[in-house]
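Peer 1: So that you have it, the file is upload14.pdb, and it contains PDB, C-alpha atoms:
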```
ATOM      1  CA  MET A 214      -3.149  23.903   0.705
ATOM      2  CA  LYS A 215      -5.211  26.027   3.121
ATOM      3  CA  ASN A 216      -3.522  24.507   6.200
ATOM      4  CA  GLY A 217      -0.030  25.215   4.940
ATOM      5  CA  ALA A 218       0.889  21.908   3.280
ATOM      6  CA  LYS A 219       3.157  22.100   0.258
ATOM      7  CA  PHE A 220       3.453  19.263  -2.257
ATOM      8  CA  LEU A 221       6.666  18.734  -4.198
ATOM      9  CA  PHE A 222       6.605  16.203  -7.023
ATOM     10  CA  LYS A 223       9.342  14.292  -8.829
ATOM     11  CA  GLU A 224      11.900  14.844  -6.093
ATOM     12  CA  LYS A 225      13.482  11.511  -5.321
ATOM     13  CA  VAL A 226      14.812  11.208  -1.769
ATOM     14  CA  THR A 227      18.525  10.405  -1.935
ATOM     15  CA  SER A 228      19.352  10.401   1.788
ATOM     16  CA  LEU A 229      18.118  11.317   5.253
ATOM     17  CA  LEU A 230      19.545  14.169   7.297
ATOM     18  CA  LYS A 231      20.847  12.370  10.379
ATOM     19  CA  ASP A 232      22.364  13.206  13.726
ATOM     20  CA  GLY A 233      23.955  10.657  16.070
ATOM     21  CA  LYS A 234      24.668   7.002  15.420
ATOM     22  CA  LYS A 235      22.904   3.658  15.333
ATOM     23  CA  GLY A 236      20.872   3.052  18.477
ATOM     24  CA  ASN A 237      20.735   6.760  19.227
ATOM     25  CA  LEU A 238      19.892   8.305  15.887
ATOM     26  CA  SER A 239      17.792  11.378  15.087
ATOM     27  CA  ILE A 240      16.330  12.099  11.670
ATOM     28  CA  LYS A 241      16.301  15.828  10.980
ATOM     29  CA  GLY A 242      14.977  15.927   7.428
ATOM     30  CA  VAL A 243      15.527  14.618   3.909
ATOM     31  CA  LYS A 244      17.796  15.337   0.976
ATOM     32  CA  THR A 245      16.367  15.033  -2.538
ATOM     33  CA  LEU A 246      17.710  15.479  -6.043
ATOM     34  CA  LYS A 247      16.656  19.126  -5.814
ATOM     35  CA  GLY A 248      17.472  20.185  -2.272
ATOM     36  CA  MET A 249      17.405  19.615   1.477
ATOM     37  CA  TYR A 250      14.358  19.878   3.719
ATOM     38  CA  LYS A 251      14.647  19.970   7.500
ATOM     39  CA  ALA A 252      11.756  18.779   9.659
ATOM     40  CA  GLY A 253      10.922  17.902  13.221
ATOM     41  CA  ALA A 254       9.268  14.704  12.021
ATOM     42  CA  VAL A 255       9.830  12.661   8.863
ATOM     43  CA  VAL A 256       7.121  10.179   7.821
ATOM     44  CA  ASN A 257       7.988   7.316   5.501
ATOM     45  CA  ALA A 258       4.842   6.565   3.487
ATOM     46  CA  ALA A 259       6.709   5.397   0.395
ATOM     47  CA  GLY A 260       4.673   2.300  -0.452
ATOM     48  CA  ALA A 261       6.691  -0.189  -2.475
ATOM     49  CA  ASP A 262       9.843   1.912  -1.944
ATOM     50  CA  ALA A 263       9.522   1.957   1.858
ATOM     51  CA  SER A 264      12.306  -0.512   2.613
ATOM     52  CA  ALA A 265      14.922   1.508   0.752
ATOM     53  CA  LEU A 266      14.080   4.611   2.788
ATOM     54  CA  CYS A 267      14.152   2.548   5.985
ATOM     55  CA  LYS A 268      17.671   1.337   5.194
ATOM     56  CA  MET A 269      18.778   4.973   5.042
ATOM     57  CA  ALA A 270      17.910   5.087   8.748
ATOM     58  CA  GLY A 271      19.624   1.767   9.472
ATOM     59  CA  LEU A 272      16.308  -0.113   9.683
ATOM     60  CA  ASN A 273      15.520  -3.476   8.147
ATOM     61  CA  ILE A 274      11.771  -3.274   7.529
ATOM     62  CA  PRO A 275      10.657  -5.953   5.025
ATOM     63  CA  VAL A 276       8.222  -4.407   2.549
ATOM     64  CA  ASN A 277       8.309  -6.482  -0.631
ATOM     65  CA  PRO A 278       6.227  -5.429  -3.645
ATOM     66  CA  ASP A 279       4.228  -7.714  -5.907
ATOM     67  CA  SER A 280       2.249  -6.567  -8.931
ATOM     68  CA  HIS A 281      -1.517  -6.539  -9.491
ATOM     69  CA  GLU A 282      -3.408  -5.476 -12.592
ATOM     70  CA  ALA A 283      -6.682  -3.560 -12.735
ATOM     71  CA  GLY A 284      -8.942  -1.768 -15.188
ATOM     72  CA  ILE A 285     -11.771   0.724 -15.532
ATOM     73  CA  THR A 286     -14.658   1.036 -17.978
ATOM     74  CA  ALA A 287     -16.413   3.958 -19.588
ATOM     75  CA  PRO A 288     -19.262   5.295 -17.402
ATOM     76  CA  VAL A 289     -22.751   3.770 -17.569
ATOM     77  CA  LYS A 290     -25.962   4.406 -15.648
ATOM     78  CA  GLN A 291     -25.709   3.453 -11.994
ATOM     79  CA  PHE A 292     -26.897  -0.105 -11.352
ATOM     80  CA  LEU A 293     -24.384  -1.646  -8.964
ATOM     81  CA  LYS A 294     -24.241  -0.405  -5.372
ATOM     82  CA  PRO A 295     -22.094  -2.950  -3.514
ATOM     83  CA  LEU A 296     -18.541  -4.032  -4.194
ATOM     84  CA  VAL A 297     -18.860  -7.498  -5.731
ATOM     85  CA  VAL A 298     -16.303 -10.061  -4.570
ATOM     86  CA  ASP A 299     -16.287 -13.582  -6.025
ATOM     87  CA  MET A 300     -14.170 -15.786  -3.758
ATOM     88  CA  ARG A 301     -14.156 -18.775  -6.121
ATOM     89  CA  PRO A 302     -10.892 -19.589  -7.921
ATOM     90  CA  GLY A 303     -10.872 -19.157 -11.680
ATOM     91  CA  SER A 304     -11.136 -22.197 -13.933
ATOM     92  CA  GLU A 305      -8.031 -21.143 -15.882
ATOM     93  CA  GLY A 306      -5.826 -21.931 -12.889
ATOM     94  CA  LYS A 307      -4.277 -18.464 -12.676
ATOM     95  CA  THR A 308      -6.673 -16.466 -10.524
ATOM     96  CA  ALA A 309      -8.030 -16.675  -7.013
ATOM     97  CA  ASN A 310     -10.858 -14.232  -6.153
ATOM     98  CA  PHE A 311     -11.877 -11.309  -8.313
ATOM     99  CA  TYR A 312     -13.817  -8.168  -7.516
ATOM    100  CA  PHE A 313     -15.395  -5.111  -9.095
ATOM    101  CA  GLY A 314     -17.564  -2.136  -8.215
ATOM    102  CA  GLN A 315     -19.120   0.972  -9.721
ATOM    103  CA  ASN A 316     -17.815   4.390  -8.699
ATOM    104  CA  ASN A 317     -19.802   7.608  -8.363
ATOM    105  CA  GLU A 318     -19.098   8.495 -12.009
ATOM    106  CA  GLY A 319     -20.649   5.227 -13.219
ATOM    107  CA  GLN A 320     -17.381   3.524 -14.164
ATOM    108  CA  ILE A 321     -16.765  -0.122 -13.257
ATOM    109  CA  ILE A 322     -13.365  -0.709 -11.629
ATOM    110  CA  PHE A 323     -12.181  -4.322 -11.636
ATOM    111  CA  CYS A 324      -9.275  -6.475 -10.491
ATOM    112  CA  TYR A 325      -8.377 -10.061  -9.648
ATOM    113  CA  THR A 326      -5.987 -11.671  -7.204
ATOM    114  CA  PRO A 327      -3.377 -13.887  -8.904
ATOM    115  CA  LEU A 328      -3.392 -17.457  -7.618
ATOM    116  CA  TYR A 329       0.381 -17.157  -7.243
ATOM    117  CA  ILE A 330       1.896 -13.797  -6.385
ATOM    118  CA  ILE A 331       3.950 -11.972  -8.994
ATOM    119  CA  PRO A 332       6.880 -10.510  -7.029
ATOM    120  CA  GLY A 333       8.801  -7.525  -8.278
ATOM    121  CA  ARG A 334       8.140  -4.102  -9.747
ATOM    122  CA  ASN A 335       6.874  -4.856 -13.248
ATOM    123  CA  ARG A 336       4.093  -2.379 -14.090
ATOM    124  CA  ASP A 337       3.509  -3.412 -17.707
ATOM    125  CA  SER A 338      -0.012  -4.540 -18.600
ATOM    126  CA  THR A 339      -0.284  -8.213 -19.540
ATOM    127  CA  SER A 340      -2.008  -9.871 -22.502
ATOM    128  CA  GLU A 341      -3.875 -12.344 -20.282
ATOM    129  CA  PHE A 342      -5.521 -10.011 -17.776
ATOM    130  CA  MET A 343      -8.390  -8.648 -19.867
ATOM    131  CA  PRO A 344      -9.518 -11.973 -21.440
ATOM    132  CA  ILE A 345      -9.571 -13.638 -18.017
ATOM    133  CA  MET A 346     -11.289 -10.729 -16.306
ATOM    134  CA  ALA A 347     -13.885 -10.205 -19.038
ATOM    135  CA  ARG A 348     -14.882 -13.870 -19.019
ATOM    136  CA  ARG A 349     -15.250 -14.018 -15.257
ATOM    137  CA  MET A 350     -17.250 -10.788 -15.014
ATOM    138  CA  VAL A 351     -19.638 -11.647 -17.850
ATOM    139  CA  GLU A 352     -20.214 -15.156 -16.518
ATOM    140  CA  LEU A 353     -21.255 -13.645 -13.211
ATOM    141  CA  ILE A 354     -23.279 -10.684 -14.551
ATOM    142  CA  PRO A 355     -24.079 -11.123 -18.295
ATOM    143  CA  ARG A 356     -25.150  -7.488 -18.802
ATOM    144  CA  LEU A 357     -21.524  -6.423 -18.334
ATOM    145  CA  LYS A 358     -20.662  -7.762 -21.806
ATOM    146  CA  ASN A 359     -21.412  -4.428 -23.503
ATOM    147  CA  LEU A 360     -19.093  -2.328 -21.365
ATOM    148  CA  ILE A 361     -16.311  -0.362 -23.041
ATOM    149  CA  ILE A 362     -12.888  -0.717 -21.409
ATOM    150  CA  ARG A 363     -11.271   2.666 -20.991
ATOM    151  CA  ARG A 364      -7.941   1.867 -19.352
ATOM    152  CA  LEU A 365      -5.817  -0.888 -17.793
ATOM    153  CA  TRP A 366      -2.933  -0.459 -15.402
ATOM    154  CA  ARG A 367      -0.678  -2.466 -13.142
ATOM    155  CA  GLY A 368       0.415  -1.373  -9.689
ATOM    156  CA  LEU A 369       2.371  -2.663  -6.719
ATOM    157  CA  TYR A 370       1.132  -4.070  -3.423
ATOM    158  CA  PRO A 371       3.625  -3.266  -0.618
ATOM    159  CA  MET A 372       3.559  -6.596   1.238
ATOM    160  CA  THR A 373       4.979  -7.540   4.636
ATOM    161  CA  PRO A 374       5.867 -11.127   5.617
ATOM    162  CA  ASP A 375       3.008 -11.305   8.144
ATOM    163  CA  GLY A 376       0.484  -9.377   6.034
ATOM    164  CA  VAL A 377       0.157  -6.586   8.616
ATOM    165  CA  ALA A 378       0.888  -2.887   8.086
ATOM    166  CA  VAL A 379       3.868  -1.172   9.717
ATOM    167  CA  VAL A 380       2.793   1.955  11.579
ATOM    168  CA  GLY A 381       4.613   3.855  14.302
ATOM    169  CA  LYS A 382       8.056   4.995  15.442
ATOM    170  CA  PRO A 383      10.922   2.480  15.469
ATOM    171  CA  ALA A 384      12.995   2.230  18.616
ATOM    172  CA  GLY A 385      16.361   3.961  18.593
ATOM    173  CA  VAL A 386      15.453   6.411  15.826
ATOM    174  CA  GLU A 387      13.958   9.750  16.833
ATOM    175  CA  GLY A 388      11.947  11.914  14.467
ATOM    176  CA  TYR A 389      11.214   9.057  12.038
ATOM    177  CA  TYR A 390       7.774   7.501  11.592
ATOM    178  CA  LEU A 391       6.457   4.746   9.364
ATOM    179  CA  GLY A 392       3.111   4.316   7.646
ATOM    180  CA  VAL A 393       3.932   1.521   5.207
ATOM    181  CA  GLY A 394       3.274  -2.101   4.222
ATOM    182  CA  MET A 395      -0.504  -1.879   3.900
ATOM    183  CA  CYS A 396      -0.617  -4.853   1.544
ATOM    184  CA  GLY A 397      -3.034  -3.460  -1.022
ATOM    185  CA  GLN A 398      -5.337  -1.832   1.537
ATOM    186  CA  GLY A 399      -3.695   1.594   1.539
ATOM    187  CA  PHE A 400      -6.663   3.620   0.291
ATOM    188  CA  MET A 401      -8.900   2.111   2.966
ATOM    189  CA  MET A 402      -6.373   2.253   5.799
ATOM    190  CA  GLY A 403      -4.720   5.535   4.813
ATOM    191  CA  PRO A 404      -7.027   7.976   6.648
ATOM    192  CA  GLY A 405      -6.812   6.002   9.903
ATOM    193  CA  VAL A 406      -3.057   5.546   9.611
ATOM    194  CA  GLY A 407      -2.651   9.271   8.988
ATOM    195  CA  LEU A 408      -4.774  10.233  11.991
ATOM    196  CA  ASN A 409      -2.923   7.884  14.329
ATOM    197  CA  LEU A 410       0.500   8.987  13.133
ATOM    198  CA  THR A 411      -0.495  12.641  13.504
ATOM    199  CA  ASN A 412      -1.633  12.042  17.071
ATOM    200  CA  LEU A 413       1.525  10.039  17.801
ATOM    201  CA  ILE A 414       3.770  12.817  16.501
ATOM    202  CA  ILE A 415       1.918  15.670  18.215
ATOM    203  CA  LYS A 416       0.711  14.055  21.438
ATOM    204  CA  GLY A 417       3.006  11.063  21.825
ATOM    205  CA  LYS A 418       0.296   8.403  21.568
ATOM    206  CA  PRO A 419      -2.011   6.954  18.901
ATOM    207  CA  LEU A 420      -5.778   7.418  18.795
ATOM    208  CA  ILE A 421      -6.534   3.707  18.896
ATOM    209  CA  ASN A 422      -5.885   1.453  21.874
ATOM    210  CA  GLN A 423      -2.140   1.189  22.491
ATOM    211  CA  GLU A 424      -2.293  -2.599  22.722
ATOM    212  CA  VAL A 425      -3.837  -2.759  19.256
ATOM    213  CA  PHE A 426      -1.416  -0.172  17.884
ATOM    214  CA  ASN A 427       1.514  -2.258  19.132
ATOM    215  CA  LEU A 428       0.507  -5.012  16.697
ATOM    216  CA  LEU A 429       1.616  -2.660  13.908
ATOM    217  CA  SER A 430       4.970  -1.889  15.510
ATOM    218  CA  PRO A 431       8.075  -1.537  13.290
ATOM    219  CA  ASP A 432       9.965  -3.410  16.023
ATOM    220  CA  ARG A 433       7.869  -6.602  15.908
ATOM    221  CA  ASP A 434       9.004 -10.022  14.688
ATOM    222  CA  PHE A 435       7.645 -10.100  11.146
ATOM    223  CA  TYR A 436       8.201 -13.860  10.885
ATOM    224  CA  SER A 437       6.727 -15.095  14.179
ATOM    225  CA  GLY A 438       3.578 -16.514  12.554
ATOM    226  CA  ARG A 439       5.665 -18.404  10.016
ATOM    227  CA  LYS A 440       7.835 -19.855  12.764
ATOM    228  CA  GLU A 441       4.768 -21.064  14.673
ATOM    229  CA  ALA A 442       3.373 -22.687  11.534
ATOM    230  CA  LEU A 443       6.593 -24.656  11.039
ATOM    231  CA  LYS A 444       6.595 -26.101  14.551
TER     232      LYS A 444
END
```
Would you kindly transcribe this structure into structure tokens?
Peer 2:
Amino acid sequence: MKNGAKFLFKEKVTSLLKDGKKGNLSIKGVKTLKGMYKAGAVVNAAGADASALCKMAGLNIPVNPDSHEAGITAPVKQFLKPLVVDMRPGSEGKTANFYFGQNNEGQIIFCYTPLYIIPGRNRDSTSEFMPIMARRMVELIPRLKNLIIRRLWRGLYPMTPDGVAVVGKPAGVEGYYLGVGMCGQGFMMGPGVGLNLTNLIIKGKPLINQEVFNLLSPDRDFYSGRKEALK
């Protein structure tokens, strides 16, 4: 990249390069299956695998994946400007809201939210997704019935217990930063998370108001809302 970034693919991180001990630990880099890389700052942005990399630093950050399926059509002439979100539950008893939109290439991208989460890492496409999704989309906009489906896939939402992202530097661990747990909103939140982490690493503070940034802290009680609800 023109600014000096180098991307290395298919190099699984096996451990962190550490100095010190728990409570006074410094992360100096990472070790992968192919080598060691030293760095002044290590950013964990590992999505559904974030918790495993946190444990390497002695941190218990609960990021638990659940699977969601999506699809994309062949391109057609532009006719749909907004993202369409139908908040009604599906009549089949398996889906909550569903949503779709048309990208700049004319393809319709679509997805639904399961009524009950599907925890785990299963990425296999299901036999029920397309029949349910096709029926719901065509009932809402009949002209969609002639679309050609190009591809389906299933990915993982990195969920936190309180539904809030984890962004910042955990206490007691120097040189280690988190940008994880965005609960399915990673593409939308990613640029802002990246900017704030960059500013935090370089200048020691985020771009947004510190009080707001603290709500994303890795050191927060992830279960406080649940405790209040049970009172």
Peer 1: Looking at only C-alpha atoms, which of A:Lys382, A:Phe313, A:Leu229, A:Ser338 is the one that sits closest to A:Val351?
Peer 2: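 So, comparing all the options, the nearest one is A:Phe313.
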Peer 1: Which residues are close to A:Pro288, i.e. within 10 Å by all atoms listed in the file, leaving aside same-chain residues fewer than 3 positions away? Reply as a compact mmCIF listing (two decimals) with C-alpha atoms, keeping the file's coordinate frame.
Peer 2:
```
# COMPACT_ATOMS: atom_id res chain seq x y z
CA ILE A 285 -11.77 0.72 -15.53
CA GLN A 291 -25.71 3.45 -11.99
CA GLN A 315 -19.12 0.97 -9.72
CA ASN A 316 -17.82 4.39 -8.70
CA ASN A 317 -19.80 7.61 -8.36
CA GLU A 318 -19.10 8.49 -12.01
CA GLY A 319 -20.65 5.23 -13.22
CA GLN A 320 -17.38 3.52 -14.16
CA ILE A 321 -16.76 -0.12 -13.26
CA LEU A 360 -19.09 -2.33 -21.36
CA ILE A 361 -16.31 -0.36 -23.04
CA ILE A 362 -12.89 -0.72 -21.41
CA ARG A 363 -11.27 2.67 -20.99
```
Peer 1: What does the distance between atom CA of A:Val243 and atom CA of A:Leu391 come to in Å, to one decimal place?
Peer 2: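 Interatomic distance, atom CA of A:Val243 to atom CA of A:Leu391: 14.5 Å.
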Peer 1: Just to confirm, what's the straight-line distance from atom CA of A:Lys251 to atom CA of A:Leu230 in Å (one decimal)?
Peer 2: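 That distance, rounded to one decimal, is 7.6 Å.
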Peer 1: Check which residues satisfy the PyMOL selection byres ((chain A and resi 383) around 12) in the file shown, then give them as number ranges by chain.
Peer 2: A: 236-240, 256-257, 267, 270-274, 379-382, 384-392, 427, 429-433
Peer 1: Could you please take those selected residues and save C-alpha atoms as a PDB file, in the frame of the given file?
Peer 2:
```pdb
ATOM      1  CA  GLY A 236      20.872   3.052  18.477  1.00  0.00           C
ATOM      2  CA  ASN A 237      20.735   6.760  19.227  1.00  0.00           C
ATOM      3  CA  LEU A 238      19.892   8.305  15.887  1.00  0.00           C
ATOM      4  CA  SER A 239      17.792  11.378  15.087  1.00  0.00           C
ATOM      5  CA  ILE A 240      16.330  12.099  11.670  1.00  0.00           C
ATOM      6  CA  VAL A 256       7.121  10.179   7.821  1.00  0.00           C
ATOM      7  CA  ASN A 257       7.988   7.316   5.501  1.00  0.00           C
ATOM      8  CA  CYS A 267      14.152   2.548   5.985  1.00  0.00           C
ATOM      9  CA  ALA A 270      17.910   5.087   8.748  1.00  0.00           C
ATOM     10  CA  GLY A 271      19.624   1.767   9.472  1.00  0.00           C
ATOM     11  CA  LEU A 272      16.308  -0.113   9.683  1.00  0.00           C
ATOM     12  CA  ASN A 273      15.520  -3.476   8.147  1.00  0.00           C
ATOM     13  CA  ILE A 274      11.771  -3.274   7.529  1.00  0.00           C
ATOM     14  CA  VAL A 379       3.868  -1.172   9.717  1.00  0.00           C
ATOM     15  CA  VAL A 380       2.793   1.955  11.579  1.00  0.00           C
ATOM     16  CA  GLY A 381       4.613   3.855  14.302  1.00  0.00           C
ATOM     17  CA  LYS A 382       8.056   4.995  15.442  1.00  0.00           C
ATOM     18  CA  ALA A 384      12.995   2.230  18.616  1.00  0.00           C
ATOM     19  CA  GLY A 385      16.361   3.961  18.593  1.00  0.00           C
ATOM     20  CA  VAL A 386      15.453   6.411  15.826  1.00  0.00           C
ATOM     21  CA  GLU A 387      13.958   9.750  16.833  1.00  0.00           C
ATOM     22  CA  GLY A 388      11.947  11.914  14.467  1.00  0.00           C
ATOM     23  CA  TYR A 389      11.214   9.057  12.038  1.00  0.00           C
ATOM     24  CA  TYR A 390       7.774   7.501  11.592  1.00  0.00           C
ATOM     25  CA  LEU A 391       6.457   4.746   9.364  1.00  0.00           C
ATOM     26  CA  GLY A 392       3.111   4.316   7.646  1.00  0.00           C
ATOM     27  CA  ASN A 427       1.514  -2.258  19.132  1.00  0.00           C
ATOM     28  CA  LEU A 429       1.616  -2.660  13.908  1.00  0.00           C
ATOM     29  CA  SER A 430       4.970  -1.889  15.510  1.00  0.00           C
ATOM     30  CA  PRO A 431       8.075  -1.537  13.290  1.00  0.00           C
ATOM     31  CA  ASP A 432       9.965  -3.410  16.023  1.00  0.00           C
ATOM     32  CA  ARG A 433       7.869  -6.602  15.908  1.00  0.00           C
TER      33      ARG A 433
END
```
Peer 1: Which residue, A:Ala287, A:Ala263, A:Ile331, A:Met249, has the smallest gap to A:Thr373 when you use all atoms listed in the file?
Peer 2: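 Checking each of A:Ala287, A:Ala263, A:Ile331, A:Met249 against A:Thr373, counting all atoms listed in the file, the winner is A:Ala263.
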Peer 1: Where does the PyMOL selection byres ((chain A and resi 401-416) around 8) land in this file, that is, which residues does it pick, as a PyMOL selection string?
Peer 2: chain A and resi 254+380-381+390+392+395+398-400+417-421
Peer 1: Which of these residues is nearest to A:Val377, using all atoms listed in the file: A:Leu293, A:Met346, A:Leu328, A:Val276?
Peer 2: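 Once distances to A:Val377 are computed over all atoms listed in the file, the minimum belongs to A:Val276.
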Peer 1: A:Gly217, A:Gly303, A:Pro355, A:Pro371: which is nearest A:His281, counting all atoms listed in the file?
Peer 2: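 Of A:Gly217, A:Gly303, A:Pro355, A:Pro371, the one nearest A:His281, counting all atoms listed in the file, is A:Pro371.
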Peer 1: Mind giving me the straight-line distance from atom CA of A:Met343 to atom CA of A:Gly284 in Å, one decimal?
Peer 2: 8.3 Å
Peer 1: So that I can look at just that part, could you write stretch 351-394 of chain A with C-alpha atoms, as an mmCIF file, in the first residue's frame?
Peer 2:
```cif
data_model
loop_
_atom_site.group_PDB
_atom_site.id
_atom_site.type_symbol
_atom_site.label_atom_id
_atom_site.label_comp_id
_atom_site.auth_asym_id
_atom_site.auth_seq_id
_atom_site.Cartn_x
_atom_site.Cartn_y
_atom_site.Cartn_z
ATOM 1 C CA VAL A 351 -41.758 -11.199 -3.297
ATOM 2 C CA GLU A 352 -44.714 -10.639 -0.979
ATOM 3 C CA LEU A 353 -43.353 -7.197 -0.204
ATOM 4 C CA ILE A 354 -42.208 -6.230 -3.727
ATOM 5 C CA PRO A 355 -43.722 -8.583 -6.379
ATOM 6 C CA ARG A 356 -41.357 -7.457 -9.165
ATOM 7 C CA LEU A 357 -38.493 -9.180 -7.339
ATOM 8 C CA LYS A 358 -39.836 -12.592 -8.411
ATOM 9 C CA ASN A 359 -37.787 -12.616 -11.629
ATOM 10 C CA LEU A 360 -34.416 -12.042 -9.996
ATOM 11 C CA ILE A 361 -31.662 -14.606 -10.495
ATOM 12 C CA ILE A 362 -29.856 -15.660 -7.312
ATOM 13 C CA ARG A 363 -26.121 -15.619 -7.842
ATOM 14 C CA ARG A 364 -24.731 -16.708 -4.481
ATOM 15 C CA LEU A 365 -25.610 -17.531 -0.864
ATOM 16 C CA TRP A 366 -23.284 -17.505 2.104
ATOM 17 C CA ARG A 367 -23.336 -17.725 5.869
ATOM 18 C CA GLY A 368 -21.184 -15.626 8.166
ATOM 19 C CA LEU A 369 -20.658 -14.970 11.854
ATOM 20 C CA TYR A 370 -21.828 -12.067 13.994
ATOM 21 C CA PRO A 371 -19.314 -11.402 16.816
ATOM 22 C CA MET A 372 -21.752 -10.740 19.671
ATOM 23 C CA THR A 373 -21.133 -9.350 23.155
ATOM 24 C CA PRO A 374 -23.461 -9.999 26.118
ATOM 25 C CA ASP A 375 -24.604 -6.354 26.214
ATOM 26 C CA GLY A 376 -24.728 -5.871 22.434
ATOM 27 C CA VAL A 377 -22.073 -3.130 22.497
ATOM 28 C CA ALA A 378 -18.721 -3.153 20.690
ATOM 29 C CA VAL A 379 -15.426 -3.460 22.567
ATOM 30 C CA VAL A 380 -13.023 -0.699 21.568
ATOM 31 C CA GLY A 381 -9.964 0.580 23.397
ATOM 32 C CA LYS A 382 -7.001 -0.514 25.515
ATOM 33 C CA PRO A 383 -7.594 -2.884 28.442
ATOM 34 C CA ALA A 384 -6.108 -1.937 31.782
ATOM 35 C CA GLY A 385 -2.921 -3.707 32.803
ATOM 36 C CA VAL A 386 -1.898 -4.619 29.252
ATOM 37 C CA GLU A 387 0.295 -2.173 27.355
ATOM 38 C CA GLY A 388 0.584 -2.152 23.580
ATOM 39 C CA TYR A 389 -2.647 -4.121 23.046
ATOM 40 C CA TYR A 390 -5.818 -2.611 21.591
ATOM 41 C CA LEU A 391 -9.229 -4.037 20.804
ATOM 42 C CA GLY A 392 -11.664 -3.272 18.007
ATOM 43 C CA VAL A 393 -14.036 -6.223 18.321
ATOM 44 C CA GLY A 394 -17.582 -7.346 19.151
#
```
